[in-house]
file input-v1.cif (mmCIF, C-alpha atoms (C1' of nucleotides))
data_protein
#
loop_
_atom_site.label_atom_id
_atom_site.label_comp_id
_atom_site.auth_asym_id
_atom_site.auth_seq_id
_atom_site.Cartn_x
_atom_site.Cartn_y
_atom_site.Cartn_z
CA MET A 603 0.00 0.00 0.00
CA LYS A 604 1.34 3.42 -1.02
CA ILE A 605 0.45 6.39 1.19
CA ALA A 606 1.32 10.00 0.32
CA THR A 607 0.95 13.51 1.72
CA TRP A 608 1.14 16.83 -0.16
CA ASN A 609 0.73 20.47 0.82
CA ILE A 610 -0.83 21.47 -2.48
CA ASN A 611 -1.21 25.24 -1.85
CA GLY A 612 -4.53 25.62 -3.66
CA ALA A 613 -6.50 22.60 -4.91
CA LYS A 614 -8.24 24.62 -7.61
CA ALA A 615 -5.09 26.22 -9.01
CA ARG A 616 -3.22 22.89 -8.97
CA GLN A 617 -6.08 20.63 -10.09
CA GLN A 618 -4.40 19.50 -13.32
CA GLY A 619 -1.09 18.86 -11.57
CA LEU A 620 -2.92 16.84 -8.91
CA LEU A 621 -4.70 14.66 -11.48
CA THR A 622 -1.50 14.13 -13.48
CA TRP A 623 0.40 13.10 -10.36
CA LEU A 624 -2.36 10.72 -9.18
CA GLU A 625 -2.34 8.98 -12.56
CA ALA A 626 1.46 8.70 -12.60
CA ALA A 627 2.18 7.83 -8.95
CA LYS A 628 -0.98 5.80 -8.30
CA PRO A 629 -1.03 6.15 -4.50
CA ASP A 630 -3.63 4.20 -2.52
CA VAL A 631 -4.01 7.18 -0.18
CA LEU A 632 -3.21 10.87 -0.62
CA CYS A 633 -3.61 13.39 2.18
CA LEU A 634 -3.75 17.03 1.07
CA GLN A 635 -3.17 20.25 3.01
CA GLU A 636 -3.82 23.90 2.15
CA ILE A 637 -6.55 23.11 -0.34
CA LYS A 638 -7.62 26.76 0.16
CA CYS A 639 -11.26 26.25 -0.80
CA VAL A 640 -14.63 25.37 0.65
CA ASP A 641 -15.86 21.77 0.38
CA GLU A 642 -18.16 22.60 -2.55
CA ALA A 643 -15.29 24.04 -4.61
CA PHE A 644 -12.99 21.04 -4.21
CA PRO A 645 -12.50 19.19 -7.56
CA ARG A 646 -14.19 16.05 -6.28
CA GLU A 647 -15.60 14.66 -9.54
CA PRO A 648 -12.41 14.33 -11.63
CA ILE A 649 -10.66 12.73 -8.63
CA GLU A 650 -13.50 10.27 -8.13
CA ALA A 651 -13.28 9.47 -11.85
CA LEU A 652 -9.73 8.22 -11.22
CA GLY A 653 -11.09 5.75 -8.65
CA TYR A 654 -10.70 7.66 -5.38
CA ASN A 655 -13.08 8.26 -2.54
CA VAL A 656 -12.89 11.85 -1.28
CA ALA A 657 -13.30 13.35 2.21
CA VAL A 658 -12.87 17.12 2.53
CA HIS A 659 -12.63 19.57 5.43
CA GLY A 660 -12.28 22.95 3.75
CA GLN A 661 -12.77 26.61 4.54
CA LYS A 662 -12.87 29.87 2.65
CA GLY A 663 -9.54 31.18 1.44
CA PHE A 664 -6.98 29.48 3.65
CA ASN A 665 -6.06 26.14 5.24
CA GLY A 666 -8.28 23.17 4.40
CA VAL A 667 -7.39 19.45 4.35
CA ALA A 668 -8.60 16.38 2.47
CA ILE A 669 -8.10 12.62 2.24
CA LEU A 670 -8.27 10.67 -1.04
CA SER A 671 -8.47 6.89 -0.77
CA ARG A 672 -9.00 4.02 -3.20
CA ALA A 673 -10.55 2.00 -0.36
CA PRO A 674 -13.88 3.37 0.89
CA PHE A 675 -14.10 5.22 4.20
CA ASP A 676 -15.56 3.37 7.15
CA ASP A 677 -15.57 6.53 9.26
CA VAL A 678 -14.61 10.22 8.84
CA SER A 679 -14.20 12.92 11.49
CA ARG A 680 -13.39 16.58 10.89
CA GLY A 681 -11.49 18.95 13.16
CA LEU A 682 -8.88 18.35 15.88
CA PRO A 683 -10.53 17.63 19.25
CA GLY A 684 -9.78 19.81 22.27
CA ASP A 685 -11.05 23.28 21.37
CA ALA A 686 -14.60 23.72 20.10
CA THR A 687 -13.91 27.40 19.35
CA ASP A 688 -11.13 26.62 16.83
CA GLU A 689 -12.61 27.40 13.41
CA GLN A 690 -9.53 26.67 11.29
CA SER A 691 -9.79 23.56 9.09
CA ARG A 692 -6.51 21.79 9.76
CA TYR A 693 -7.39 18.18 10.65
CA ILE A 694 -9.39 15.36 9.11
CA GLU A 695 -9.28 11.72 10.16
CA ALA A 696 -10.65 8.61 8.48
CA VAL A 697 -10.65 4.84 8.79
CA ILE A 698 -10.36 2.65 5.70
CA ALA A 699 -10.20 -1.08 5.02
CA ALA A 700 -6.66 -2.40 4.50
CA GLY A 701 -6.74 -6.06 3.56
CA LYS A 702 -8.18 -8.02 6.45
CA SER A 703 -7.63 -5.19 8.94
CA THR A 704 -8.21 -1.41 8.98
CA LEU A 705 -6.01 1.65 8.72
CA ARG A 706 -6.62 4.97 10.50
CA LEU A 707 -5.40 8.05 8.61
CA ALA A 708 -5.13 11.74 9.47
CA SER A 709 -4.33 14.68 7.19
CA ILE A 710 -2.67 17.37 9.33
CA TYR A 711 -1.94 21.02 8.57
CA LEU A 712 -0.17 22.20 11.71
CA PRO A 713 -0.10 25.99 12.16
CA ASN A 714 2.95 27.83 10.77
CA GLY A 715 3.25 30.00 13.89
CA ASN A 716 5.19 32.96 12.49
CA PRO A 717 6.01 35.52 13.75
CA VAL A 718 7.06 33.96 17.06
CA ASP A 719 6.24 36.98 19.23
CA THR A 720 2.55 36.91 18.29
CA GLU A 721 -0.60 34.97 19.11
CA LYS A 722 0.07 32.89 15.99
CA PHE A 723 2.92 31.15 17.77
CA THR A 724 0.80 30.68 20.88
CA TYR A 725 -1.86 29.08 18.68
CA LYS A 726 0.73 26.77 17.11
CA LEU A 727 1.92 25.50 20.49
CA ALA A 728 -1.62 25.08 21.80
CA TRP A 729 -2.52 23.16 18.64
CA MET A 730 0.47 20.87 19.14
CA GLU A 731 -0.64 20.25 22.72
CA ARG A 732 -4.11 19.25 21.45
CA LEU A 733 -2.53 17.01 18.80
CA HIS A 734 -0.40 15.37 21.50
CA ALA A 735 -3.47 14.54 23.58
CA HIS A 736 -5.43 13.21 20.62
CA ALA A 737 -2.48 11.19 19.30
CA ALA A 738 -2.08 9.57 22.71
CA SER A 739 -5.75 8.54 22.66
CA LEU A 740 -5.29 7.05 19.17
CA LEU A 741 -2.25 5.01 20.28
CA ALA A 742 -4.38 3.54 23.05
CA LEU A 743 -6.58 1.98 20.33
CA GLU A 744 -3.59 -0.16 19.27
CA GLU A 745 -4.49 0.19 15.59
CA ALA A 746 -2.38 0.78 12.48
CA THR A 747 -2.45 4.59 12.27
CA VAL A 748 -0.66 7.12 10.06
CA LEU A 749 -0.73 10.79 11.11
CA MET A 750 0.64 12.67 8.12
CA GLY A 751 0.88 16.14 6.72
CA ASP A 752 2.58 19.51 6.93
CA TYR A 753 3.76 19.68 10.55
CA ASN A 754 5.56 23.01 10.06
CA VAL A 755 8.37 21.74 12.30
CA ILE A 756 12.03 21.20 11.33
CA PRO A 757 12.94 18.45 13.82
CA GLU A 758 16.75 18.68 13.73
CA PRO A 759 19.54 20.79 12.15
CA ALA A 760 20.10 17.92 9.69
CA ASP A 761 16.59 18.58 8.39
CA ALA A 762 17.58 21.96 6.89
CA ARG A 763 20.17 22.80 4.23
CA HIS A 764 20.98 26.01 6.12
CA PRO A 765 19.76 25.55 9.71
CA GLU A 766 21.31 28.86 10.76
CA GLN A 767 18.80 30.66 8.53
CA TRP A 768 15.89 29.22 10.54
CA VAL A 769 17.03 30.07 14.08
CA GLY A 770 14.45 32.83 14.55
CA ASP A 771 11.65 30.98 12.75
CA ALA A 772 8.63 29.34 14.38
CA LEU A 773 9.39 26.12 12.48
CA PHE A 774 12.76 25.71 14.23
CA GLN A 775 12.13 27.11 17.72
CA PRO A 776 13.41 24.82 20.52
CA VAL A 777 9.90 24.73 22.00
CA SER A 778 8.40 23.68 18.63
CA ARG A 779 10.99 20.95 18.25
CA GLN A 780 10.44 19.85 21.84
CA ALA A 781 6.71 19.47 21.18
CA TRP A 782 7.51 17.42 18.07
CA ARG A 783 9.84 15.14 20.06
CA ARG A 784 7.24 14.69 22.82
CA LEU A 785 4.75 13.64 20.15
CA CYS A 786 7.18 11.15 18.59
CA HIS A 787 8.16 9.77 21.98
CA LEU A 788 4.59 8.72 22.66
CA GLY A 789 5.56 5.81 20.43
CA PHE A 790 5.39 6.97 16.82
CA THR A 791 7.89 6.25 14.06
CA ASP A 792 8.96 9.12 11.77
CA ALA A 793 8.74 7.13 8.51
CA ILE A 794 11.01 9.33 6.39
CA ARG A 795 13.71 9.57 9.05
CA ALA A 796 13.53 5.86 9.87
CA THR A 797 14.24 4.89 6.26
CA ASN A 798 16.53 7.83 5.31
CA PRO A 799 19.05 8.19 8.16
CA GLY A 800 21.25 10.90 6.63
CA ALA A 801 20.97 14.66 6.22
CA GLY A 802 19.73 16.31 3.05
CA VAL A 803 16.20 14.91 2.85
CA TYR A 804 13.84 17.85 2.28
CA THR A 805 10.11 18.20 1.60
CA PHE A 806 9.75 21.98 1.14
CA TRP A 807 11.68 24.59 -0.79
CA ASP A 808 10.79 28.29 -0.73
CA TYR A 809 9.36 29.72 -3.95
CA GLN A 810 11.83 32.58 -3.82
CA ALA A 811 15.50 32.99 -4.71
CA GLY A 812 15.81 29.74 -6.65
CA ALA A 813 15.61 27.68 -3.46
CA PHE A 814 14.47 24.51 -5.29
CA GLN A 815 17.25 24.73 -7.88
CA LYS A 816 19.81 25.17 -5.10
CA ASP A 817 18.20 22.40 -3.02
CA ASN A 818 17.87 24.91 -0.19
CA GLY A 819 15.14 22.94 1.53
CA ILE A 820 13.71 21.86 4.87
CA ARG A 821 12.00 18.69 6.06
CA ILE A 822 8.65 19.70 7.54
CA ASP A 823 6.19 17.19 6.04
CA HIS A 824 6.10 14.06 8.13
CA LEU A 825 4.35 10.69 8.39
CA LEU A 826 4.09 9.41 11.96
CA LEU A 827 3.33 5.70 12.27
CA SER A 828 1.82 3.87 15.22
CA PRO A 829 3.72 0.69 16.18
CA GLU A 830 1.15 -1.41 14.33
CA ALA A 831 1.71 0.67 11.17
CA ALA A 832 5.50 0.82 11.60
CA ASP A 833 5.62 -2.98 11.60
CA ARG A 834 4.30 -2.80 8.03
CA LEU A 835 6.65 -0.02 6.83
CA VAL A 836 8.61 -1.07 3.74
CA ALA A 837 10.03 2.20 2.38
CA ALA A 838 9.52 5.96 2.46
CA GLY A 839 10.81 8.87 0.45
CA VAL A 840 10.21 12.24 -1.18
CA ASP A 841 8.85 12.66 -4.72
CA LYS A 842 10.50 15.91 -5.73
"C1'" DA B 517 18.81 39.80 -3.64
"C1'" DT B 518 12.40 39.12 0.68
"C1'" DG B 519 14.08 37.21 -6.08
"C1'" DT B 520 7.09 33.75 -5.21
"C1'" DC B 521 2.76 31.72 -4.89
"C1'" DT B 522 -2.66 31.44 -3.93
"C1'" DA B 523 -6.94 33.38 -2.83
"C1'" DG B 524 -10.09 37.32 -1.43
"C1'" DT B 525 -11.93 41.71 -2.37
"C1'" DG B 526 -13.82 44.49 -5.57
"C1'" DA B 527 -11.72 46.99 -9.54
"C1'" DG B 528 -5.59 48.89 -6.55
"C1'" DA B 529 0.59 50.78 -8.44
"C1'" DC B 530 -4.51 46.18 -3.49
"C1'" DT B 531 -4.10 42.70 0.95
"C1'" DA B 532 -3.19 38.44 3.91
"C1'" DG B 533 -0.87 34.19 4.76
"C1'" DA B 534 2.77 31.34 4.00
#
call {"tool": "encode", "arguments": {"input": "input-v1.cif", "output": "structure tokens"}}
result
Amino acid sequence: MKIATWNINGAKARQQGLLTWLEAAKPDVLCLQEIKCVDEAFPREPIEALGYNVAVHGQKGFNGVAILSRAPFDDVSRGLPGDATDEQSRYIEAVIAAGKSTLRLASIYLPNGNPVDTEKFTYKLAWMERLHAHAASLLALEEATVLMGDYNVIPEPADARHPEQWVGDALFQPVSRQAWRRLCHLGFTDAIRATNPGAGVYTFWDYQAGAFQKDNGIRIDHLLLSPEAADRLVAAGVDK
DNA sequence: ATGTCTAGTGAGACTAGA
């Protein structure tokens, strides 16, 4: 089974690229972040025509997450538990059939948190605390679970081409990285790190200044596996 | 060398968010 995650930065603007990639890569599951549209505007029909079931949790203008799955959904829940007043669409969770057992999936768009001296950073840390609590409750289910998406956290210096450029950034703050480690240490496996032990594995490159061409990247998109899922991990990587 | 994107608003030589 092939499982993928992609911060698409606009599902409408990148619809053709999305369809082309689905046809070429043929993932069984694709989690999307930053779809930047309401549920009704998501390009559901052409995706379904390629054989995918679609679950969307969108909002107007910003954020928004979705899960595409060849296997049908047994259950879908929208929003991260822990704060009923949080209106930002950053979390969707689903359960699908996987052979004789089931697989629980979450598409996560963790807050960016910049600038650090504002309420945006406070929101990021509070969101990570809520994710920690929910992730702990999911581990207690002892199911195969994959929590994937744009975590907006650079875990270690080796996860940035130029770590010194990120020292003042919300993505690389010690407290952000500490929250990430606490989450992992609940018992999750970082799939990319586990199968790519060296430095130089990146998932995001800035649009500006030729960052992609220079491979000036950071690793901020992650797939966290429960023990039951990690037992079934074969390989992981980045499709540049 | 902060050099780019997307989407919203409403018609900007715009703004916000990333």
call {"tool": "atom_distance", "arguments": {"input": "input-v1.cif", "atom1": "atom CA of A:Lys604", "atom2": "atom CA of A:Ser709"}}
result
15.0 Å
call {"tool": "resolve_selection", "arguments": {"input": "input-v1.cif", "expression": "the PyMOL selection byres ((chain A) within 8 of (chain B))", "output": "PyMOL selection string"}}
result
chain A and resi 611-612+615+638+663-664+714+808-812
call {"tool": "atom_distance", "arguments": {"input": "input-v1.cif", "atom1": "atom CA of A:Thr805", "atom2": "atom CA of A:Glu744"}}
result
28.9 Å
call {"tool": "residues_around", "arguments": {"input": "input-v1.cif", "residues": "A:Gly684", "least_positions_apart": "2", "cutoff": "8 Å", "atoms": "all atoms listed in the file", "output": "VMD selection string"}}
result
chain A and resid 682 686 732
call {"tool": "atom_distance", "arguments": {"input": "input-v1.cif", "atom1": "atom CA of A:Arg795", "atom2": "atom CA of A:Phe675"}}
result
28.6 Å
